[in-house]
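Chemist: Enclosed is the structure file input.tsv (TSV, N, CA and C atoms and all ligand atoms).
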chain	number	residue	atom	x	y	z
W	131	MET	N	21.86	29.18	106.44
W	131	MET	CA	23.28	29.27	106.82
W	131	MET	C	24.13	28.34	105.96
W	132	ALA	N	25.11	28.88	105.37
W	132	ALA	CA	25.96	28.06	104.51
W	132	ALA	C	27.02	27.36	105.34
W	133	GLN	N	27.18	26.14	105.06
W	133	GLN	CA	28.25	25.38	105.74
W	133	GLN	C	29.60	25.80	105.16
W	134	PRO	N	30.58	25.97	106.01
W	134	PRO	CA	31.91	26.29	105.46
W	134	PRO	C	32.43	25.14	104.62
W	135	ALA	N	33.05	25.48	103.53
W	135	ALA	CA	33.59	24.44	102.65
W	135	ALA	C	34.64	23.64	103.39
W	136	LYS	N	34.62	22.38	103.15
W	136	LYS	CA	35.60	21.48	103.78
W	136	LYS	C	37.00	21.87	103.33
W	137	LYS	N	37.85	22.09	104.31
W	137	LYS	CA	39.21	22.51	103.94
W	137	LYS	C	40.02	21.34	103.41
W	138	GLN	N	40.75	21.64	102.38
W	138	GLN	CA	41.61	20.60	101.81
W	138	GLN	C	42.97	20.71	102.48
W	139	LYS	N	43.54	19.58	102.75
W	139	LYS	CA	44.89	19.60	103.30
W	139	LYS	C	45.85	20.14	102.25
W	140	GLY	N	46.78	20.91	102.66
W	140	GLY	CA	47.73	21.49	101.72
W	140	GLY	C	48.36	20.43	100.86
W	141	ALA	N	47.85	20.33	99.66
W	141	ALA	CA	48.31	19.27	98.77
W	141	ALA	C	49.64	19.66	98.15
W	142	ARG	N	50.62	18.86	98.42
W	142	ARG	CA	51.92	19.11	97.79
W	142	ARG	C	51.90	18.52	96.40
W	143	GLN	N	52.78	19.02	95.60
W	143	GLN	CA	52.85	18.49	94.24
W	143	GLN	C	53.40	17.08	94.27
W	144	LYS	N	52.63	16.21	93.67
W	144	LYS	CA	53.09	14.83	93.55
W	144	LYS	C	53.80	14.71	92.22
W	145	HIS	N	54.62	13.68	92.10
W	145	HIS	CA	55.18	13.55	90.77
W	145	HIS	C	54.33	12.70	89.85
W	146	VAL	N	53.21	12.24	90.36
W	146	VAL	CA	52.28	11.55	89.48
W	146	VAL	C	51.53	12.61	88.69
W	147	PRO	N	51.61	12.55	87.36
W	147	PRO	CA	50.91	13.57	86.59
W	147	PRO	C	49.40	13.44	86.76
W	148	GLN	N	48.75	14.56	86.92
W	148	GLN	CA	47.30	14.54	87.06
W	148	GLN	C	46.66	14.33	85.70
W	149	ARG	N	45.78	13.41	85.65
W	149	ARG	CA	45.06	13.16	84.41
W	149	ARG	C	43.62	13.56	84.62
W	150	THR	N	43.23	14.57	83.92
W	150	THR	CA	41.90	15.11	84.09
W	150	THR	C	41.12	14.95	82.81
W	151	CYS	N	39.91	14.47	82.94
W	151	CYS	CA	39.04	14.33	81.77
W	151	CYS	C	38.77	15.72	81.19
W	152	ILE	N	38.94	15.86	79.89
W	152	ILE	CA	38.77	17.17	79.27
W	152	ILE	C	37.29	17.55	79.14
W	153	ALA	N	36.40	16.59	79.34
W	153	ALA	CA	34.97	16.90	79.21
W	153	ALA	C	34.38	17.29	80.57
W	154	CYS	N	34.56	16.46	81.57
W	154	CYS	CA	33.92	16.72	82.86
W	154	CYS	C	34.89	17.30	83.88
W	155	ARG	N	36.19	17.37	83.50
W	155	ARG	CA	37.20	17.99	84.36
W	155	ARG	C	37.43	17.26	85.66
W	156	ARG	N	37.02	16.01	85.69
W	156	ARG	CA	37.24	15.25	86.91
W	156	ARG	C	38.46	14.37	86.75
W	157	SER	N	39.14	14.16	87.84
W	157	SER	CA	40.28	13.26	87.81
W	157	SER	C	40.08	12.23	88.90
W	158	ASP	N	38.98	11.54	88.78
W	158	ASP	CA	38.62	10.53	89.76
W	158	ASP	C	39.34	9.23	89.45
W	159	ALA	N	40.05	8.73	90.44
W	159	ALA	CA	40.83	7.51	90.22
W	159	ALA	C	39.93	6.32	89.94
W	160	LYS	N	38.68	6.42	90.35
W	160	LYS	CA	37.76	5.30	90.11
W	160	LYS	C	37.39	5.20	88.64
W	161	ARG	N	37.50	6.32	87.97
W	161	ARG	CA	37.17	6.32	86.55
W	161	ARG	C	38.43	6.01	85.78
W	162	THR	N	38.28	5.21	84.78
W	162	THR	CA	39.42	4.92	83.93
W	162	THR	C	39.48	5.97	82.84
W	163	LEU	N	40.59	6.65	82.78
W	163	LEU	CA	40.73	7.65	81.74
W	163	LEU	C	41.41	7.02	80.53
W	164	ILE	N	40.89	7.36	79.38
W	164	ILE	CA	41.42	6.85	78.13
W	164	ILE	C	42.22	7.96	77.46
W	165	ARG	N	43.41	7.61	77.04
W	165	ARG	CA	44.26	8.64	76.44
W	165	ARG	C	44.03	8.74	74.94
W	166	LEU	N	43.99	9.96	74.50
W	166	LEU	CA	43.92	10.23	73.07
W	166	LEU	C	45.18	10.98	72.72
W	167	VAL	N	45.70	10.71	71.56
W	167	VAL	CA	46.93	11.37	71.18
W	167	VAL	C	46.84	11.93	69.77
W	168	ARG	N	47.43	13.09	69.63
W	168	ARG	CA	47.49	13.72	68.31
W	168	ARG	C	48.91	13.57	67.79
W	169	ASP	N	49.04	13.04	66.60
W	169	ASP	CA	50.38	12.85	66.06
W	169	ASP	C	50.84	14.08	65.28
W	170	ALA	N	52.03	13.99	64.74
W	170	ALA	CA	52.61	15.14	64.06
W	170	ALA	C	51.79	15.59	62.85
W	171	ALA	N	51.06	14.65	62.27
W	171	ALA	CA	50.25	14.97	61.10
W	171	ALA	C	48.90	15.56	61.48
W	172	GLY	N	48.64	15.64	62.79
W	172	GLY	CA	47.37	16.22	63.22
W	172	GLY	C	46.25	15.21	63.31
W	173	ARG	N	46.62	13.93	63.16
W	173	ARG	CA	45.61	12.89	63.28
W	173	ARG	C	45.47	12.49	64.74
W	174	VAL	N	44.24	12.25	65.14
W	174	VAL	CA	43.94	11.91	66.52
W	174	VAL	C	43.53	10.46	66.61
W	175	SER	N	44.11	9.75	67.56
W	175	SER	CA	43.74	8.36	67.73
W	175	SER	C	43.74	8.00	69.22
W	176	ILE	N	43.13	6.86	69.51
W	176	ILE	CA	43.08	6.37	70.87
W	176	ILE	C	44.39	5.66	71.17
W	177	ASP	N	44.90	5.92	72.35
W	177	ASP	CA	46.19	5.36	72.73
W	177	ASP	C	46.03	4.49	73.97
W	178	PRO	N	45.69	3.23	73.77
W	178	PRO	CA	45.42	2.36	74.92
W	178	PRO	C	46.64	2.15	75.82
W	179	THR	N	47.82	2.24	75.26
W	179	THR	CA	49.01	2.00	76.08
W	179	THR	C	49.44	3.26	76.83
W	180	GLY	N	49.00	4.41	76.35
W	180	GLY	CA	49.39	5.67	76.99
W	180	GLY	C	50.84	6.03	76.78
W	181	LYS	N	51.47	5.40	75.82
W	181	LYS	CA	52.90	5.61	75.63
W	181	LYS	C	53.27	6.29	74.32
W	182	ARG	N	52.28	6.53	73.50
W	182	ARG	CA	52.62	7.12	72.21
W	182	ARG	C	53.06	8.57	72.35
W	183	ASN	N	53.89	8.96	71.44
W	183	ASN	CA	54.35	10.34	71.43
W	183	ASN	C	53.28	11.23	70.82
W	184	GLY	N	53.29	12.46	71.27
W	184	GLY	CA	52.33	13.41	70.73
W	184	GLY	C	51.59	14.08	71.86
W	185	ARG	N	50.79	15.04	71.49
W	185	ARG	CA	50.03	15.75	72.49
W	185	ARG	C	48.85	14.89	72.91
W	186	GLY	N	48.72	14.69	74.20
W	186	GLY	CA	47.67	13.80	74.69
W	186	GLY	C	46.56	14.52	75.42
W	187	ALA	N	45.43	13.86	75.48
W	187	ALA	CA	44.29	14.35	76.25
W	187	ALA	C	43.59	13.13	76.82
W	188	TYR	N	42.88	13.32	77.89
W	188	TYR	CA	42.22	12.19	78.53
W	188	TYR	C	40.72	12.38	78.60
W	189	LEU	N	40.04	11.25	78.44
W	189	LEU	CA	38.58	11.24	78.58
W	189	LEU	C	38.20	10.04	79.44
W	190	CYS	N	37.16	10.20	80.25
W	190	CYS	CA	36.64	9.09	81.03
W	190	CYS	C	36.15	8.00	80.07
W	191	ASN	N	36.08	6.78	80.57
W	191	ASN	CA	35.48	5.73	79.75
W	191	ASN	C	33.96	5.79	79.92
W	192	ASP	N	33.44	6.96	79.76
W	192	ASP	CA	32.02	7.21	79.91
W	192	ASP	C	31.54	7.87	78.62
W	193	PRO	N	30.58	7.26	77.95
W	193	PRO	CA	30.15	7.80	76.66
W	193	PRO	C	29.67	9.26	76.74
W	194	ALA	N	29.18	9.66	77.89
W	194	ALA	CA	28.70	11.04	78.04
W	194	ALA	C	29.85	12.03	77.86
W	195	CYS	N	31.01	11.67	78.37
W	195	CYS	CA	32.17	12.56	78.26
W	195	CYS	C	32.65	12.62	76.81
W	196	TRP	N	32.60	11.51	76.13
W	196	TRP	CA	33.03	11.48	74.72
W	196	TRP	C	32.10	12.32	73.88
W	197	ASP	N	30.83	12.15	74.16
W	197	ASP	CA	29.82	12.90	73.43
W	197	ASP	C	30.06	14.39	73.60
W	198	GLN	N	30.29	14.77	74.84
W	198	GLN	CA	30.52	16.18	75.14
W	198	GLN	C	31.79	16.69	74.47
W	199	ALA	N	32.84	15.90	74.57
W	199	ALA	CA	34.13	16.33	74.01
W	199	ALA	C	34.05	16.48	72.50
W	200	LEU	N	33.32	15.58	71.85
W	200	LEU	CA	33.24	15.63	70.40
W	200	LEU	C	32.28	16.72	69.93
W	201	ARG	N	31.20	16.90	70.65
W	201	ARG	CA	30.22	17.90	70.22
W	201	ARG	C	30.66	19.32	70.56
W	202	ARG	N	31.28	19.46	71.68
W	202	ARG	CA	31.66	20.82	72.11
W	202	ARG	C	33.08	21.17	71.71
W	203	ARG	N	33.67	20.33	70.93
W	203	ARG	CA	35.02	20.58	70.44
W	203	ARG	C	36.06	20.72	71.55
W	204	ALA	N	35.77	20.12	72.67
W	204	ALA	CA	36.74	20.16	73.77
W	204	ALA	C	38.01	19.41	73.37
W	205	LEU	N	37.81	18.38	72.57
W	205	LEU	CA	38.95	17.58	72.13
W	205	LEU	C	39.86	18.38	71.21
W	206	GLU	N	39.27	19.11	70.31
W	206	GLU	CA	40.08	19.94	69.41
W	206	GLU	C	40.89	20.96	70.20
W	207	ARG	N	40.22	21.55	71.17
W	207	ARG	CA	40.92	22.56	71.97
W	207	ARG	C	42.07	21.93	72.75
W	208	ALA	N	41.78	20.79	73.37
W	208	ALA	CA	42.80	20.15	74.20
W	208	ALA	C	43.99	19.69	73.38
W	209	LEU	N	43.70	19.24	72.17
W	209	LEU	CA	44.78	18.71	71.34
W	209	LEU	C	45.33	19.75	70.35
W	210	ARG	N	44.74	20.91	70.41
W	210	ARG	CA	45.17	22.02	69.55
W	210	ARG	C	45.16	21.68	68.07
W	211	VAL	N	44.03	21.16	67.66
W	211	VAL	CA	43.82	20.95	66.23
W	211	VAL	C	42.62	21.82	65.85
W	212	SER	N	42.62	22.30	64.61
W	212	SER	CA	41.53	23.17	64.21
W	212	SER	C	40.24	22.39	64.02
W	213	ALA	N	40.38	21.16	63.52
W	213	ALA	CA	39.22	20.30	63.36
W	213	ALA	C	39.70	18.86	63.29
W	214	LEU	N	38.88	17.98	63.82
W	214	LEU	CA	39.22	16.57	63.75
W	214	LEU	C	39.05	16.08	62.31
W	215	HIS	N	39.93	15.19	61.91
W	215	HIS	CA	39.80	14.55	60.61
W	215	HIS	C	38.50	13.74	60.62
W	216	THR	N	37.79	13.75	59.52
W	216	THR	CA	36.51	13.06	59.46
W	216	THR	C	36.61	11.60	59.88
W	217	GLU	N	37.67	10.94	59.40
W	217	GLU	CA	37.85	9.53	59.74
W	217	GLU	C	38.12	9.36	61.23
W	218	ASP	N	38.90	10.27	61.79
W	218	ASP	CA	39.21	10.17	63.22
W	218	ASP	C	37.96	10.38	64.05
W	219	LEU	N	37.16	11.34	63.64
W	219	LEU	CA	35.91	11.62	64.35
W	219	LEU	C	35.02	10.38	64.32
W	220	ALA	N	34.95	9.74	63.15
W	220	ALA	CA	34.13	8.53	63.01
W	220	ALA	C	34.65	7.42	63.92
W	221	THR	N	35.98	7.31	63.97
W	221	THR	CA	36.59	6.29	64.83
W	221	THR	C	36.26	6.55	66.29
W	222	LEU	N	36.38	7.80	66.68
W	222	LEU	CA	36.14	8.15	68.09
W	222	LEU	C	34.66	7.97	68.44
W	223	GLU	N	33.80	8.34	67.51
W	223	GLU	CA	32.36	8.17	67.77
W	223	GLU	C	32.01	6.70	67.90
W	224	ALA	N	32.63	5.89	67.03
W	224	ALA	CA	32.37	4.45	67.08
W	224	ALA	C	32.89	3.86	68.40
W	225	PHE	N	34.04	4.36	68.83
W	225	PHE	CA	34.60	3.88	70.09
W	225	PHE	C	33.68	4.25	71.26
W	226	ALA	N	33.17	5.47	71.22
W	226	ALA	CA	32.30	5.94	72.31
W	226	ALA	C	31.07	5.05	72.45
W	227	LEU	N	30.61	4.53	71.30
W	227	LEU	CA	29.43	3.67	71.33
W	227	LEU	C	29.70	2.34	72.02
W	228	THR	N	30.96	1.96	72.11
W	228	THR	CA	31.28	0.69	72.76
W	228	THR	C	31.38	0.84	74.27
W	229	LEU	N	31.40	2.06	74.74
W	229	LEU	CA	31.54	2.30	76.18
W	229	LEU	C	30.20	2.12	76.88
W	230	THR	N	30.29	1.70	78.12
W	230	THR	CA	29.09	1.52	78.91
W	230	THR	C	28.94	2.72	79.84
W	231	PRO	N	27.77	3.31	79.86
W	231	PRO	CA	27.59	4.44	80.79
W	231	PRO	C	27.92	4.03	82.22
W	232	LEU	N	28.61	4.89	82.92
W	232	LEU	CA	29.03	4.56	84.27
W	232	LEU	C	27.85	4.56	85.22
W	233	ASN	N	27.93	3.65	86.14
W	233	ASN	CA	26.92	3.59	87.18
W	233	ASN	C	27.30	4.58	88.28
W	234	LYS	N	26.46	5.56	88.50
W	234	LYS	CA	26.82	6.60	89.46
W	234	LYS	C	26.87	6.09	90.89
W	235	ASP	N	26.28	4.95	91.14
W	235	ASP	CA	26.35	4.40	92.49
W	235	ASP	C	27.65	3.67	92.75
W	236	GLY	N	28.39	3.42	91.61
W	236	GLY	CA	29.62	2.67	91.65
W	236	GLY	C	30.29	2.80	92.97
G	301	ZN	ZN	34.76	12.77	82.08
Using structure tokens, write down the structure that the file contains.
Ligand SMILES: [Zn+2]
Modeler:
Amino acid sequence: MAQPAKKQKGARQKHVPQRTCIACRRSDAKRTLIRLVRDAAGRVSIDPTGKRNGRGAYLCNDPACWDQALRRRALERALRVSALHTEDLATLEAFALTLTPLNKDG
């Protein structure tokens, strides 16, 4: 017997923009999302302040999400670039290596 899915209360639109990780599609407030921004020249960089202009995308501070986004081209799709610049990809990969895998028991 399947349990009925827990009903969600009718969520009204908040004016807080939802930030969803482009890799795992979660928008868990416990996870810190890191903003990436694509500038007019099509270059992608990390935006720690979250204030830069350009098309943005968010990723968890979890190396697994970065790995997925870079390998599956989720980042390219989200930022609407045909391909990441080699230097940008290297920068993002290097950044991902500095992240600590999240503790699921957190
Ligand atoms: Zn994620």
Chemist: Do you know which residues are at most 7 Å from segment 203-215 of chain W counting all atoms listed in the file, after dropping those on the same chain fewer than 4 positions away, and could you put them as an mmCIF file with N, CA and C atoms, keeping the file's coordinate frame?
Modeler:
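Listing of part.cif after writing:
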data_model
loop_
_atom_site.group_PDB
_atom_site.id
_atom_site.type_symbol
_atom_site.label_atom_id
_atom_site.label_comp_id
_atom_site.auth_asym_id
_atom_site.auth_seq_id
_atom_site.Cartn_x
_atom_site.Cartn_y
_atom_site.Cartn_z
ATOM 1 N N ILE W 152 38.940 15.860 79.890
ATOM 2 C CA ILE W 152 38.770 17.170 79.270
ATOM 3 C C ILE W 152 37.290 17.550 79.140
ATOM 4 N N ALA W 153 36.400 16.590 79.340
ATOM 5 C CA ALA W 153 34.970 16.900 79.210
ATOM 6 C C ALA W 153 34.380 17.290 80.570
ATOM 7 N N ARG W 168 47.430 13.090 69.630
ATOM 8 C CA ARG W 168 47.490 13.720 68.310
ATOM 9 C C ARG W 168 48.910 13.570 67.790
ATOM 10 N N GLY W 172 48.640 15.640 62.790
ATOM 11 C CA GLY W 172 47.370 16.220 63.220
ATOM 12 C C GLY W 172 46.250 15.210 63.310
ATOM 13 N N ARG W 173 46.620 13.930 63.160
ATOM 14 C CA ARG W 173 45.610 12.890 63.280
ATOM 15 C C ARG W 173 45.470 12.490 64.740
ATOM 16 N N VAL W 174 44.240 12.250 65.140
ATOM 17 C CA VAL W 174 43.940 11.910 66.520
ATOM 18 C C VAL W 174 43.530 10.460 66.610
ATOM 19 N N ARG W 185 50.790 15.040 71.490
ATOM 20 C CA ARG W 185 50.030 15.750 72.490
ATOM 21 C C ARG W 185 48.850 14.890 72.910
ATOM 22 N N GLY W 186 48.720 14.690 74.200
ATOM 23 C CA GLY W 186 47.670 13.800 74.690
ATOM 24 C C GLY W 186 46.560 14.520 75.420
ATOM 25 N N ALA W 187 45.430 13.860 75.480
ATOM 26 C CA ALA W 187 44.290 14.350 76.250
ATOM 27 C C ALA W 187 43.590 13.130 76.820
ATOM 28 N N GLN W 198 30.290 14.770 74.840
ATOM 29 C CA GLN W 198 30.520 16.180 75.140
ATOM 30 C C GLN W 198 31.790 16.690 74.470
ATOM 31 N N ALA W 199 32.840 15.900 74.570
ATOM 32 C CA ALA W 199 34.130 16.330 74.010
ATOM 33 C C ALA W 199 34.050 16.480 72.500
ATOM 34 N N LEU W 219 37.160 11.340 63.640
ATOM 35 C CA LEU W 219 35.910 11.620 64.350
ATOM 36 C C LEU W 219 35.020 10.380 64.320
ATOM 37 N N ALA W 220 34.950 9.740 63.150
ATOM 38 C CA ALA W 220 34.130 8.530 63.010
ATOM 39 C C ALA W 220 34.650 7.420 63.920
#
Chemist: Please give me, as number ranges by chain, the residues lying within 6 Å of ligand ZN 301 (chain G) when counting only N, CA and C atoms and all ligand atoms.
Modeler: W: 151-156, 189-190, 195
Chemist: Between atom N of Ser157 of chain W and atom N of Asp218 of chain W, what distance in Å does the model show, to one decimal?
Modeler: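 Atom N of Ser157 of chain W sits 26.3 Å away from atom N of Asp218 of chain W.
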Chemist: Quick one: axis-aligned box around all listed atoms of segment 216-233 of chain W, 4 Å on every side, centre and edge lengths in Å to one decimal, written as JSON.
Modeler:
{"center_x": 33.1, "center_y": 7.2, "center_z": 73.8, "size_x": 20.3, "size_y": 21.1, "size_z": 36.9}
Chemist: Would you please work out which residue, of W:Gly184, W:Thr230, W:Asp197, W:Glu223, is nearest to Arg165 of chain W when using only C-alpha atoms?
Modeler: W:Gly184
Chemist: How many Å separate atom N of Leu232 of chain W from atom N of Asp169 of chain W?
Modeler: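 Computing the Euclidean distance for atom N of Leu232 of chain W and atom N of Asp169 of chain W yields 27.4 Å.
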Chemist: Using DSSP assignments from the backbone, pull out every residue in segment 139-235 of chain W that falls under helix (DSSP H, G or I) and give it to me as number ranges by chain.
Modeler: W: 193-201, 204-209, 216-228
Chemist: Residues as selected, N, CA and C atoms, written as a PDB file, in the frame of the given file, can you do that?
Modeler:
ATOM      1  N   PRO W 193      30.580   7.260  77.950  1.00  0.00           N
ATOM      2  CA  PRO W 193      30.150   7.800  76.660  1.00  0.00           C
ATOM      3  C   PRO W 193      29.670   9.260  76.740  1.00  0.00           C
ATOM      4  N   ALA W 194      29.180   9.660  77.890  1.00  0.00           N
ATOM      5  CA  ALA W 194      28.700  11.040  78.040  1.00  0.00           C
ATOM      6  C   ALA W 194      29.850  12.030  77.860  1.00  0.00           C
ATOM      7  N   CYS W 195      31.010  11.670  78.370  1.00  0.00           N
ATOM      8  CA  CYS W 195      32.170  12.560  78.260  1.00  0.00           C
ATOM      9  C   CYS W 195      32.650  12.620  76.810  1.00  0.00           C
ATOM     10  N   TRP W 196      32.600  11.510  76.130  1.00  0.00           N
ATOM     11  CA  TRP W 196      33.030  11.480  74.720  1.00  0.00           C
ATOM     12  C   TRP W 196      32.100  12.320  73.880  1.00  0.00           C
ATOM     13  N   ASP W 197      30.830  12.150  74.160  1.00  0.00           N
ATOM     14  CA  ASP W 197      29.820  12.900  73.430  1.00  0.00           C
ATOM     15  C   ASP W 197      30.060  14.390  73.600  1.00  0.00           C
ATOM     16  N   GLN W 198      30.290  14.770  74.840  1.00  0.00           N
ATOM     17  CA  GLN W 198      30.520  16.180  75.140  1.00  0.00           C
ATOM     18  C   GLN W 198      31.790  16.690  74.470  1.00  0.00           C
ATOM     19  N   ALA W 199      32.840  15.900  74.570  1.00  0.00           N
ATOM     20  CA  ALA W 199      34.130  16.330  74.010  1.00  0.00           C
ATOM     21  C   ALA W 199      34.050  16.480  72.500  1.00  0.00           C
ATOM     22  N   LEU W 200      33.320  15.580  71.850  1.00  0.00           N
ATOM     23  CA  LEU W 200      33.240  15.630  70.400  1.00  0.00           C
ATOM     24  C   LEU W 200      32.280  16.720  69.930  1.00  0.00           C
ATOM     25  N   ARG W 201      31.200  16.900  70.650  1.00  0.00           N
ATOM     26  CA  ARG W 201      30.220  17.900  70.220  1.00  0.00           C
ATOM     27  C   ARG W 201      30.660  19.320  70.560  1.00  0.00           C
ATOM     28  N   ALA W 204      35.770  20.120  72.670  1.00  0.00           N
ATOM     29  CA  ALA W 204      36.740  20.160  73.770  1.00  0.00           C
ATOM     30  C   ALA W 204      38.010  19.410  73.370  1.00  0.00           C
ATOM     31  N   LEU W 205      37.810  18.380  72.570  1.00  0.00           N
ATOM     32  CA  LEU W 205      38.950  17.580  72.130  1.00  0.00           C
ATOM     33  C   LEU W 205      39.860  18.380  71.210  1.00  0.00           C
ATOM     34  N   GLU W 206      39.270  19.110  70.310  1.00  0.00           N
ATOM     35  CA  GLU W 206      40.080  19.940  69.410  1.00  0.00           C
ATOM     36  C   GLU W 206      40.890  20.960  70.200  1.00  0.00           C
ATOM     37  N   ARG W 207      40.220  21.550  71.170  1.00  0.00           N
ATOM     38  CA  ARG W 207      40.920  22.560  71.970  1.00  0.00           C
ATOM     39  C   ARG W 207      42.070  21.930  72.750  1.00  0.00           C
ATOM     40  N   ALA W 208      41.780  20.790  73.370  1.00  0.00           N
ATOM     41  CA  ALA W 208      42.800  20.150  74.200  1.00  0.00           C
ATOM     42  C   ALA W 208      43.990  19.690  73.380  1.00  0.00           C
ATOM     43  N   LEU W 209      43.700  19.240  72.170  1.00  0.00           N
ATOM     44  CA  LEU W 209      44.780  18.710  71.340  1.00  0.00           C
ATOM     45  C   LEU W 209      45.330  19.750  70.350  1.00  0.00           C
ATOM     46  N   THR W 216      37.790  13.750  59.520  1.00  0.00           N
ATOM     47  CA  THR W 216      36.510  13.060  59.460  1.00  0.00           C
ATOM     48  C   THR W 216      36.610  11.600  59.880  1.00  0.00           C
ATOM     49  N   GLU W 217      37.670  10.940  59.400  1.00  0.00           N
ATOM     50  CA  GLU W 217      37.850   9.530  59.740  1.00  0.00           C
ATOM     51  C   GLU W 217      38.120   9.360  61.230  1.00  0.00           C
ATOM     52  N   ASP W 218      38.900  10.270  61.790  1.00  0.00           N
ATOM     53  CA  ASP W 218      39.210  10.170  63.220  1.00  0.00           C
ATOM     54  C   ASP W 218      37.960  10.380  64.050  1.00  0.00           C
ATOM     55  N   LEU W 219      37.160  11.340  63.640  1.00  0.00           N
ATOM     56  CA  LEU W 219      35.910  11.620  64.350  1.00  0.00           C
ATOM     57  C   LEU W 219      35.020  10.380  64.320  1.00  0.00           C
ATOM     58  N   ALA W 220      34.950   9.740  63.150  1.00  0.00           N
ATOM     59  CA  ALA W 220      34.130   8.530  63.010  1.00  0.00           C
ATOM     60  C   ALA W 220      34.650   7.420  63.920  1.00  0.00           C
ATOM     61  N   THR W 221      35.980   7.310  63.970  1.00  0.00           N
ATOM     62  CA  THR W 221      36.590   6.290  64.830  1.00  0.00           C
ATOM     63  C   THR W 221      36.260   6.550  66.290  1.00  0.00           C
ATOM     64  N   LEU W 222      36.380   7.800  66.680  1.00  0.00           N
ATOM     65  CA  LEU W 222      36.140   8.150  68.090  1.00  0.00           C
ATOM     66  C   LEU W 222      34.660   7.970  68.440  1.00  0.00           C
ATOM     67  N   GLU W 223      33.800   8.340  67.510  1.00  0.00           N
ATOM     68  CA  GLU W 223      32.360   8.170  67.770  1.00  0.00           C
ATOM     69  C   GLU W 223      32.010   6.700  67.900  1.00  0.00           C
ATOM     70  N   ALA W 224      32.630   5.890  67.030  1.00  0.00           N
ATOM     71  CA  ALA W 224      32.370   4.450  67.080  1.00  0.00           C
ATOM     72  C   ALA W 224      32.890   3.860  68.400  1.00  0.00           C
ATOM     73  N   PHE W 225      34.040   4.360  68.830  1.00  0.00           N
ATOM     74  CA  PHE W 225      34.600   3.880  70.090  1.00  0.00           C
ATOM     75  C   PHE W 225      33.680   4.250  71.260  1.00  0.00           C
ATOM     76  N   ALA W 226      33.170   5.470  71.220  1.00  0.00           N
ATOM     77  CA  ALA W 226      32.300   5.940  72.310  1.00  0.00           C
ATOM     78  C   ALA W 226      31.070   5.050  72.450  1.00  0.00           C
ATOM     79  N   LEU W 227      30.610   4.530  71.300  1.00  0.00           N
ATOM     80  CA  LEU W 227      29.430   3.670  71.330  1.00  0.00           C
ATOM     81  C   LEU W 227      29.700   2.340  72.020  1.00  0.00           C
ATOM     82  N   THR W 228      30.960   1.960  72.110  1.00  0.00           N
ATOM     83  CA  THR W 228      31.280   0.690  72.760  1.00  0.00           C
ATOM     84  C   THR W 228      31.380   0.840  74.270  1.00  0.00           C
TER      85      THR W 228
END
Chemist: Select, from W:Ala159, W:Leu200, W:Ala171, W:Ala194, the residue with the minimum atom-to-atom distance to Pro231 of chain W, counting all atoms listed in the file.
Modeler: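 Of the candidates, the smallest distance to Pro231 of chain W is held by W:Ala194.
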Chemist: What does the distance between atom C of Leu227 of chain W and atom C of Arg182 of chain W come to in Å, to one decimal place?
Modeler: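 About the pair atom C of Leu227 of chain W and atom C of Arg182 of chain W: they are 24.2 Å apart.
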